[in-house]
Every structure is written in C-alpha cells, then in structure tokens.
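For reference, data13.cif (mmCIF, N, CA and C atoms):
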```cif
data_input
#
loop_
_atom_site.label_atom_id
_atom_site.label_comp_id
_atom_site.auth_asym_id
_atom_site.auth_seq_id
_atom_site.Cartn_x
_atom_site.Cartn_y
_atom_site.Cartn_z
N MET Y 7 0.85 -1.17 0.00
CA MET Y 7 0.00 0.00 0.00
C MET Y 7 0.90 1.24 0.00
N PHE Y 8 0.46 2.25 -0.74
CA PHE Y 8 1.21 3.50 -0.83
C PHE Y 8 0.31 4.68 -0.49
N ILE Y 9 0.91 5.66 0.16
CA ILE Y 9 0.20 6.88 0.53
C ILE Y 9 0.83 8.03 -0.24
N GLY Y 10 0.00 8.78 -0.94
CA GLY Y 10 0.47 9.93 -1.70
C GLY Y 10 -0.09 11.20 -1.09
N ALA Y 11 0.74 12.23 -1.04
CA ALA Y 11 0.31 13.51 -0.49
C ALA Y 11 0.83 14.64 -1.37
N SER Y 12 0.04 15.69 -1.45
CA SER Y 12 0.43 16.88 -2.19
C SER Y 12 0.01 18.11 -1.40
N LYS Y 13 0.83 19.13 -1.49
CA LYS Y 13 0.55 20.42 -0.85
C LYS Y 13 0.39 21.43 -1.98
N ILE Y 14 -0.85 21.76 -2.30
CA ILE Y 14 -1.14 22.62 -3.44
C ILE Y 14 -1.31 24.06 -2.95
N GLU Y 15 -0.36 24.90 -3.33
CA GLU Y 15 -0.41 26.31 -2.93
C GLU Y 15 -1.10 27.11 -4.03
N LEU Y 16 -2.11 27.87 -3.63
CA LEU Y 16 -2.96 28.58 -4.59
C LEU Y 16 -2.94 30.08 -4.35
N ARG Y 17 -3.15 30.80 -5.43
CA ARG Y 17 -3.44 32.23 -5.37
C ARG Y 17 -4.81 32.42 -5.97
N ILE Y 18 -5.64 33.22 -5.30
CA ILE Y 18 -7.00 33.48 -5.76
C ILE Y 18 -7.11 34.98 -6.02
N PRO Y 19 -6.69 35.43 -7.21
CA PRO Y 19 -6.56 36.87 -7.46
C PRO Y 19 -7.87 37.65 -7.42
N THR Y 20 -8.99 37.03 -7.70
CA THR Y 20 -10.26 37.77 -7.75
C THR Y 20 -10.95 37.85 -6.39
N SER Y 21 -10.41 37.17 -5.39
CA SER Y 21 -11.04 37.16 -4.08
C SER Y 21 -10.84 38.50 -3.37
N GLY Y 22 -11.94 39.06 -2.88
CA GLY Y 22 -11.86 40.32 -2.16
C GLY Y 22 -12.23 40.19 -0.70
N SER Y 23 -12.50 38.96 -0.26
CA SER Y 23 -12.87 38.73 1.13
C SER Y 23 -12.64 37.27 1.49
N LEU Y 24 -12.65 36.99 2.79
CA LEU Y 24 -12.52 35.60 3.22
C LEU Y 24 -13.73 34.78 2.77
N LYS Y 25 -14.90 35.43 2.73
CA LYS Y 25 -16.11 34.74 2.27
C LYS Y 25 -15.97 34.33 0.81
N GLY Y 26 -15.46 35.21 -0.02
CA GLY Y 26 -15.24 34.90 -1.43
C GLY Y 26 -14.22 33.79 -1.61
N LYS Y 27 -13.15 33.85 -0.83
CA LYS Y 27 -12.12 32.82 -0.89
C LYS Y 27 -12.69 31.47 -0.49
N ARG Y 28 -13.46 31.44 0.60
CA ARG Y 28 -14.01 30.17 1.08
C ARG Y 28 -14.99 29.57 0.08
N HIS Y 29 -15.70 30.41 -0.66
CA HIS Y 29 -16.59 29.92 -1.71
C HIS Y 29 -15.79 29.16 -2.77
N VAL Y 30 -14.68 29.73 -3.19
CA VAL Y 30 -13.82 29.09 -4.20
C VAL Y 30 -13.23 27.79 -3.65
N ILE Y 31 -12.69 27.85 -2.44
CA ILE Y 31 -12.04 26.67 -1.83
C ILE Y 31 -13.06 25.55 -1.61
N LYS Y 32 -14.24 25.90 -1.15
CA LYS Y 32 -15.27 24.88 -0.92
C LYS Y 32 -15.66 24.20 -2.22
N SER Y 33 -15.74 24.95 -3.29
CA SER Y 33 -16.05 24.39 -4.60
C SER Y 33 -14.97 23.42 -5.05
N ILE Y 34 -13.72 23.81 -4.90
CA ILE Y 34 -12.60 22.95 -5.31
C ILE Y 34 -12.52 21.69 -4.45
N THR Y 35 -12.59 21.85 -3.13
CA THR Y 35 -12.46 20.68 -2.25
C THR Y 35 -13.63 19.71 -2.44
N GLY Y 36 -14.82 20.22 -2.64
CA GLY Y 36 -15.97 19.35 -2.89
C GLY Y 36 -15.80 18.57 -4.19
N GLY Y 37 -15.29 19.23 -5.21
CA GLY Y 37 -15.03 18.55 -6.48
C GLY Y 37 -13.99 17.46 -6.35
N LEU Y 38 -12.93 17.73 -5.58
CA LEU Y 38 -11.88 16.72 -5.38
C LEU Y 38 -12.40 15.51 -4.62
N ARG Y 39 -13.22 15.76 -3.61
CA ARG Y 39 -13.78 14.63 -2.85
C ARG Y 39 -14.72 13.79 -3.72
N ALA Y 40 -15.53 14.45 -4.51
CA ALA Y 40 -16.51 13.74 -5.34
C ALA Y 40 -15.84 12.98 -6.48
N LYS Y 41 -14.92 13.62 -7.19
CA LYS Y 41 -14.34 13.02 -8.38
C LYS Y 41 -13.24 12.01 -8.07
N PHE Y 42 -12.41 12.29 -7.06
CA PHE Y 42 -11.24 11.46 -6.80
C PHE Y 42 -11.30 10.68 -5.48
N ASN Y 43 -12.32 10.94 -4.66
CA ASN Y 43 -12.42 10.31 -3.35
C ASN Y 43 -11.13 10.53 -2.55
N ALA Y 44 -10.59 11.73 -2.66
CA ALA Y 44 -9.35 12.10 -1.98
C ALA Y 44 -9.67 12.82 -0.67
N ALA Y 45 -8.78 12.70 0.28
CA ALA Y 45 -8.88 13.48 1.51
C ALA Y 45 -8.26 14.85 1.22
N VAL Y 46 -8.97 15.90 1.54
CA VAL Y 46 -8.48 17.25 1.23
C VAL Y 46 -8.89 18.21 2.33
N ALA Y 47 -7.99 19.14 2.65
CA ALA Y 47 -8.26 20.15 3.67
C ALA Y 47 -7.44 21.40 3.37
N GLU Y 48 -7.98 22.55 3.77
CA GLU Y 48 -7.20 23.79 3.70
C GLU Y 48 -6.26 23.77 4.90
N VAL Y 49 -4.95 23.82 4.65
CA VAL Y 49 -3.98 23.63 5.72
C VAL Y 49 -3.14 24.86 6.05
N ASP Y 50 -3.25 25.92 5.27
CA ASP Y 50 -2.46 27.12 5.56
C ASP Y 50 -3.11 28.33 4.89
N HIS Y 51 -2.72 29.50 5.35
CA HIS Y 51 -3.19 30.79 4.82
C HIS Y 51 -4.69 30.99 5.02
N GLN Y 52 -5.26 30.45 6.09
CA GLN Y 52 -6.70 30.58 6.32
C GLN Y 52 -7.15 32.03 6.51
N ASP Y 53 -6.24 32.88 6.95
CA ASP Y 53 -6.63 34.27 7.22
C ASP Y 53 -6.27 35.24 6.09
N GLN Y 54 -5.81 34.73 4.97
CA GLN Y 54 -5.47 35.59 3.83
C GLN Y 54 -6.51 35.45 2.73
N TRP Y 55 -6.92 36.56 2.15
CA TRP Y 55 -8.00 36.56 1.15
C TRP Y 55 -7.60 35.90 -0.16
N GLN Y 56 -6.37 36.09 -0.58
CA GLN Y 56 -5.98 35.65 -1.92
C GLN Y 56 -4.99 34.50 -1.93
N ARG Y 57 -4.79 33.84 -0.81
CA ARG Y 57 -3.88 32.68 -0.75
C ARG Y 57 -4.58 31.53 -0.06
N ALA Y 58 -4.22 30.33 -0.47
CA ALA Y 58 -4.72 29.12 0.19
C ALA Y 58 -3.73 28.00 -0.07
N THR Y 59 -3.65 27.08 0.86
CA THR Y 59 -2.86 25.88 0.67
C THR Y 59 -3.75 24.69 1.00
N LEU Y 60 -3.84 23.78 0.04
CA LEU Y 60 -4.65 22.58 0.23
C LEU Y 60 -3.73 21.39 0.44
N GLY Y 61 -4.03 20.59 1.44
CA GLY Y 61 -3.35 19.32 1.64
C GLY Y 61 -4.25 18.23 1.07
N VAL Y 62 -3.69 17.40 0.21
CA VAL Y 62 -4.46 16.34 -0.45
C VAL Y 62 -3.73 15.02 -0.24
N SER Y 63 -4.49 13.98 0.10
CA SER Y 63 -3.86 12.66 0.23
C SER Y 63 -4.72 11.59 -0.43
N VAL Y 64 -4.02 10.57 -0.93
CA VAL Y 64 -4.66 9.42 -1.57
C VAL Y 64 -3.95 8.15 -1.10
N VAL Y 65 -4.65 7.04 -1.21
CA VAL Y 65 -4.09 5.74 -0.88
C VAL Y 65 -4.28 4.84 -2.09
N SER Y 66 -3.24 4.07 -2.43
CA SER Y 66 -3.30 3.22 -3.61
C SER Y 66 -2.47 1.96 -3.39
N GLY Y 67 -2.70 0.98 -4.24
CA GLY Y 67 -1.94 -0.26 -4.18
C GLY Y 67 -0.55 -0.14 -4.78
N THR Y 68 -0.35 0.87 -5.66
CA THR Y 68 0.97 1.06 -6.28
C THR Y 68 1.38 2.52 -6.19
N ALA Y 69 2.68 2.74 -6.15
CA ALA Y 69 3.21 4.11 -6.12
C ALA Y 69 2.86 4.84 -7.41
N PHE Y 70 2.91 4.13 -8.53
CA PHE Y 70 2.59 4.74 -9.82
C PHE Y 70 1.17 5.28 -9.83
N HIS Y 71 0.22 4.49 -9.33
CA HIS Y 71 -1.18 4.93 -9.33
C HIS Y 71 -1.40 6.10 -8.38
N ALA Y 72 -0.76 6.08 -7.22
CA ALA Y 72 -0.90 7.19 -6.27
C ALA Y 72 -0.38 8.49 -6.89
N GLU Y 73 0.78 8.43 -7.54
CA GLU Y 73 1.33 9.63 -8.18
C GLU Y 73 0.44 10.08 -9.34
N LYS Y 74 -0.06 9.14 -10.11
CA LYS Y 74 -0.95 9.48 -11.22
C LYS Y 74 -2.20 10.19 -10.73
N MET Y 75 -2.78 9.69 -9.64
CA MET Y 75 -3.97 10.34 -9.07
C MET Y 75 -3.67 11.77 -8.64
N LEU Y 76 -2.52 11.98 -7.99
CA LEU Y 76 -2.17 13.32 -7.53
C LEU Y 76 -1.91 14.27 -8.69
N ARG Y 77 -1.32 13.78 -9.78
CA ARG Y 77 -1.12 14.61 -10.98
C ARG Y 77 -2.47 14.97 -11.61
N GLU Y 78 -3.40 14.03 -11.63
CA GLU Y 78 -4.74 14.32 -12.16
C GLU Y 78 -5.46 15.33 -11.28
N ILE Y 79 -5.28 15.22 -9.97
CA ILE Y 79 -5.86 16.19 -9.04
C ILE Y 79 -5.30 17.58 -9.31
N GLU Y 80 -3.99 17.67 -9.51
CA GLU Y 80 -3.36 18.97 -9.81
C GLU Y 80 -3.94 19.56 -11.10
N ARG Y 81 -4.11 18.74 -12.13
CA ARG Y 81 -4.69 19.22 -13.39
C ARG Y 81 -6.14 19.68 -13.19
N PHE Y 82 -6.89 18.92 -12.41
CA PHE Y 82 -8.28 19.28 -12.11
C PHE Y 82 -8.35 20.65 -11.45
N VAL Y 83 -7.53 20.86 -10.43
CA VAL Y 83 -7.51 22.14 -9.72
C VAL Y 83 -7.06 23.26 -10.68
N GLY Y 84 -6.05 22.98 -11.50
CA GLY Y 84 -5.52 23.98 -12.41
C GLY Y 84 -6.49 24.43 -13.48
N ARG Y 85 -7.51 23.62 -13.76
CA ARG Y 85 -8.51 24.01 -14.77
C ARG Y 85 -9.49 25.07 -14.26
N ASP Y 86 -9.50 25.30 -12.96
CA ASP Y 86 -10.39 26.32 -12.39
C ASP Y 86 -9.79 27.69 -12.69
N ASP Y 87 -10.49 28.50 -13.48
CA ASP Y 87 -9.94 29.79 -13.90
C ASP Y 87 -9.96 30.85 -12.80
N ARG Y 88 -10.50 30.53 -11.64
CA ARG Y 88 -10.51 31.50 -10.53
C ARG Y 88 -9.22 31.48 -9.73
N ILE Y 89 -8.39 30.45 -9.97
CA ILE Y 89 -7.18 30.30 -9.16
C ILE Y 89 -5.94 30.15 -10.02
N GLU Y 90 -4.81 30.29 -9.37
CA GLU Y 90 -3.50 30.08 -9.99
C GLU Y 90 -2.70 29.17 -9.05
N ILE Y 91 -2.16 28.09 -9.58
CA ILE Y 91 -1.34 27.19 -8.76
C ILE Y 91 0.08 27.75 -8.67
N LEU Y 92 0.55 27.98 -7.45
CA LEU Y 92 1.90 28.49 -7.24
C LEU Y 92 2.91 27.36 -7.10
N ASP Y 93 2.50 26.28 -6.44
CA ASP Y 93 3.38 25.14 -6.23
C ASP Y 93 2.52 23.93 -5.89
N ALA Y 94 2.99 22.74 -6.25
CA ALA Y 94 2.23 21.52 -5.95
C ALA Y 94 3.16 20.32 -5.86
N PRO Y 95 4.04 20.30 -4.85
CA PRO Y 95 4.94 19.15 -4.71
C PRO Y 95 4.15 17.89 -4.32
N ILE Y 96 4.66 16.75 -4.77
CA ILE Y 96 4.04 15.45 -4.52
C ILE Y 96 5.03 14.56 -3.80
N ASP Y 97 4.52 13.77 -2.86
CA ASP Y 97 5.34 12.79 -2.16
C ASP Y 97 4.53 11.50 -2.05
N VAL Y 98 5.13 10.38 -2.44
CA VAL Y 98 4.50 9.07 -2.33
C VAL Y 98 5.42 8.18 -1.50
N GLN Y 99 4.85 7.57 -0.48
CA GLN Y 99 5.63 6.72 0.43
C GLN Y 99 4.92 5.38 0.63
N PRO Y 100 5.70 4.32 0.78
CA PRO Y 100 5.07 3.02 1.11
C PRO Y 100 4.61 2.99 2.56
N TRP Y 101 3.53 2.28 2.80
CA TRP Y 101 3.07 2.08 4.17
C TRP Y 101 3.78 0.84 4.71
N GLU Y 102 4.45 1.01 5.82
CA GLU Y 102 5.18 -0.11 6.41
C GLU Y 102 4.65 -0.40 7.78
N ASP Y 103 4.40 -1.66 8.05
CA ASP Y 103 3.92 -2.08 9.38
C ASP Y 103 5.05 -2.16 10.36
#
```
What's the structure tokens form of this structure?
Amino acid sequence: MFIGASKIELRIPTSGSLKGKRHVIKSITGGLRAKFNAAVAEVDHQDQWQRATLGVSVVSGTAFHAEKMLREIERFVGRDDRIEILDAPIDVQPWED
C-alpha cells in the first residue's frame, strides 16, 4: 500500500474577502472529494484573502497509481480559472507495518 500527499499552494486573485475565498475553496475541495475520493483540507493561509494551501492525500496499491492520481488532481484544480497554482509538490511513500 502506498500513501500519496500533495501540498497545493494557490493564489485566488479575484477574491476580495474571506467569504469569497471560502466559496472558491469549498467548490474545489468538494469537487476533489466527489471526483477522486481524496482526503483534502485547507492547511495554511486561512486568514489571507488571496492565498490558500490545500493538503491532499490518496491511498493506492501502487506508487505509480498514487502519483498518477495526484497529478490528475493537480490538473483538475488547475482548470479552475478563478485560481493560480503556485506550487504543488508530490510525495509518495510506502506504508510499512
């Protein structure tokens, strides 16, 4: 079993308030949960209007599949024209008992 994680740093240039930012983030996180069944949470920049960092994790039987899922998640997020991805490093590790 492999665990994949990504830290997706976003800029939301059109956001003028925390309420506007949360609307965008809620839309993205809901889409990720529905389409990819991924665990996702806003993990940083909660008090900034135009920045957000999402933590995303997936579990898979192979490292290749976990990385592929995280790359697809990055593309999915990047298609949203309300945001700009600043960084999205990926890490995949084996689960060891």
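Between CA of Met7 (chain Y) and CA of Trp101 (chain Y) there is a distance of 5.6 Å.
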Quiz prompt | Hits from the PyMOL selection byres (((chain Y and resi 85-89 and name CA) around 8) and name CA), listed as an NGL selection string | solution = :Y and (16-20 or 30 or 81-84 or 90-91)
Store the residues picked out above, limited to N, CA and C atoms, as a compact mmCIF listing (two decimals), in the coordinates of the input.
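Just written: result_18.txt:
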```txt
# COMPACT_ATOMS: atom_id res chain seq x y z
N LEU Y 16 -2.11 27.87 -3.63
CA LEU Y 16 -2.96 28.58 -4.59
C LEU Y 16 -2.94 30.08 -4.35
N ARG Y 17 -3.15 30.80 -5.43
CA ARG Y 17 -3.44 32.23 -5.37
C ARG Y 17 -4.81 32.42 -5.97
N ILE Y 18 -5.64 33.22 -5.30
CA ILE Y 18 -7.00 33.48 -5.76
C ILE Y 18 -7.11 34.98 -6.02
N PRO Y 19 -6.69 35.43 -7.21
CA PRO Y 19 -6.56 36.87 -7.46
C PRO Y 19 -7.87 37.65 -7.42
N THR Y 20 -8.99 37.03 -7.70
CA THR Y 20 -10.26 37.77 -7.75
C THR Y 20 -10.95 37.85 -6.39
N VAL Y 30 -14.68 29.73 -3.19
CA VAL Y 30 -13.82 29.09 -4.20
C VAL Y 30 -13.23 27.79 -3.65
N ARG Y 81 -4.11 18.74 -12.13
CA ARG Y 81 -4.69 19.22 -13.39
C ARG Y 81 -6.14 19.68 -13.19
N PHE Y 82 -6.89 18.92 -12.41
CA PHE Y 82 -8.28 19.28 -12.11
C PHE Y 82 -8.35 20.65 -11.45
N VAL Y 83 -7.53 20.86 -10.43
CA VAL Y 83 -7.51 22.14 -9.72
C VAL Y 83 -7.06 23.26 -10.68
N GLY Y 84 -6.05 22.98 -11.50
CA GLY Y 84 -5.52 23.98 -12.41
C GLY Y 84 -6.49 24.43 -13.48
N GLU Y 90 -4.81 30.29 -9.37
CA GLU Y 90 -3.50 30.08 -9.99
C GLU Y 90 -2.70 29.17 -9.05
N ILE Y 91 -2.16 28.09 -9.58
CA ILE Y 91 -1.34 27.19 -8.76
C ILE Y 91 0.08 27.75 -8.67
```
Quiz item: Could you pull out the strand (DSSP E or B) residues of chain Y from DSSP and send them as an MDAnalysis selection string?
Solution: chainID Y and resid 8:17 45:50 57:66 90:93 96:100
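With the shown file loaded, the PyMOL selection byres (((chain Y and resi 45 and name CA) around 8) and name CA) picks out Arg39, Asn43, Ala44, Val46, Ala47, Val62, Ser63 and Val64 of chain Y.
Counting from CA of Glu102 (chain Y), the distance to CA of Ser12 (chain Y) is 19.6 Å.
Omitting Glu73 (chain Y) and its sequence neighbours fewer than 4 positions away, and counting only C-alpha atoms, the residues within 9 Å are Gly10, Ala11, Val64, Thr68, Ala69, Arg77, Glu78, Ile96, Asp97 and Val98 of chain Y.
Put simply, CA of Arg28 (chain Y) is 13.8 Å away from atom N of Gly61 (chain Y).
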Quiz item: Got a sec: who's within 5 Å of region 54-59 of chain Y, counting only N, CA and C atoms, leaving out chain neighbours fewer than 4 positions off, as number ranges by chain?
Solution: Y: 14-18, 23-24, 48-50
Can those selected residues be exported to a file as an mmCIF file, in the frame of the given file so that it contains N, CA and C atoms?
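Full text of result.cif as output:
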```cif
data_model
loop_
_atom_site.group_PDB
_atom_site.id
_atom_site.type_symbol
_atom_site.label_atom_id
_atom_site.label_comp_id
_atom_site.auth_asym_id
_atom_site.auth_seq_id
_atom_site.Cartn_x
_atom_site.Cartn_y
_atom_site.Cartn_z
ATOM 1 N N ILE Y 14 -0.850 21.760 -2.300
ATOM 2 C CA ILE Y 14 -1.140 22.620 -3.440
ATOM 3 C C ILE Y 14 -1.310 24.060 -2.950
ATOM 4 N N GLU Y 15 -0.360 24.900 -3.330
ATOM 5 C CA GLU Y 15 -0.410 26.310 -2.930
ATOM 6 C C GLU Y 15 -1.100 27.110 -4.030
ATOM 7 N N LEU Y 16 -2.110 27.870 -3.630
ATOM 8 C CA LEU Y 16 -2.960 28.580 -4.590
ATOM 9 C C LEU Y 16 -2.940 30.080 -4.350
ATOM 10 N N ARG Y 17 -3.150 30.800 -5.430
ATOM 11 C CA ARG Y 17 -3.440 32.230 -5.370
ATOM 12 C C ARG Y 17 -4.810 32.420 -5.970
ATOM 13 N N ILE Y 18 -5.640 33.220 -5.300
ATOM 14 C CA ILE Y 18 -7.000 33.480 -5.760
ATOM 15 C C ILE Y 18 -7.110 34.980 -6.020
ATOM 16 N N SER Y 23 -12.500 38.960 -0.260
ATOM 17 C CA SER Y 23 -12.870 38.730 1.130
ATOM 18 C C SER Y 23 -12.640 37.270 1.490
ATOM 19 N N LEU Y 24 -12.650 36.990 2.790
ATOM 20 C CA LEU Y 24 -12.520 35.600 3.220
ATOM 21 C C LEU Y 24 -13.730 34.780 2.770
ATOM 22 N N GLU Y 48 -7.980 22.550 3.770
ATOM 23 C CA GLU Y 48 -7.200 23.790 3.700
ATOM 24 C C GLU Y 48 -6.260 23.770 4.900
ATOM 25 N N VAL Y 49 -4.950 23.820 4.650
ATOM 26 C CA VAL Y 49 -3.980 23.630 5.720
ATOM 27 C C VAL Y 49 -3.140 24.860 6.050
ATOM 28 N N ASP Y 50 -3.250 25.920 5.270
ATOM 29 C CA ASP Y 50 -2.460 27.120 5.560
ATOM 30 C C ASP Y 50 -3.110 28.330 4.890
#
```
Self-check item: Shortest interatomic distance to Leu76 (chain Y) - which of Y:Gly26, Y:Asp53, Y:Leu60, Y:Phe42, counting only C-alpha atoms
Solution: Y:Phe42
Quiz item: Would you give me, as JSON, numbers by chain, the residues in chain Y that DSSP reads as alpha helix (DSSP H)?
Solution: {"Y": [24, 25, 26, 27, 28, 29, 30, 31, 32, 33, 34, 35, 36, 37, 38, 39, 40, 41, 42, 69, 70, 71, 72, 73, 74, 75, 76, 77, 78, 79, 80, 81, 82, 83, 84]}
Quiz item: Out of Y:Ser33, Y:Ser21, Y:Lys13, Y:Gln99, which residue has the shortest atom-to-atom distance to Ser66 (chain Y) when counting only C-alpha atoms?
Solution: Y:Gln99
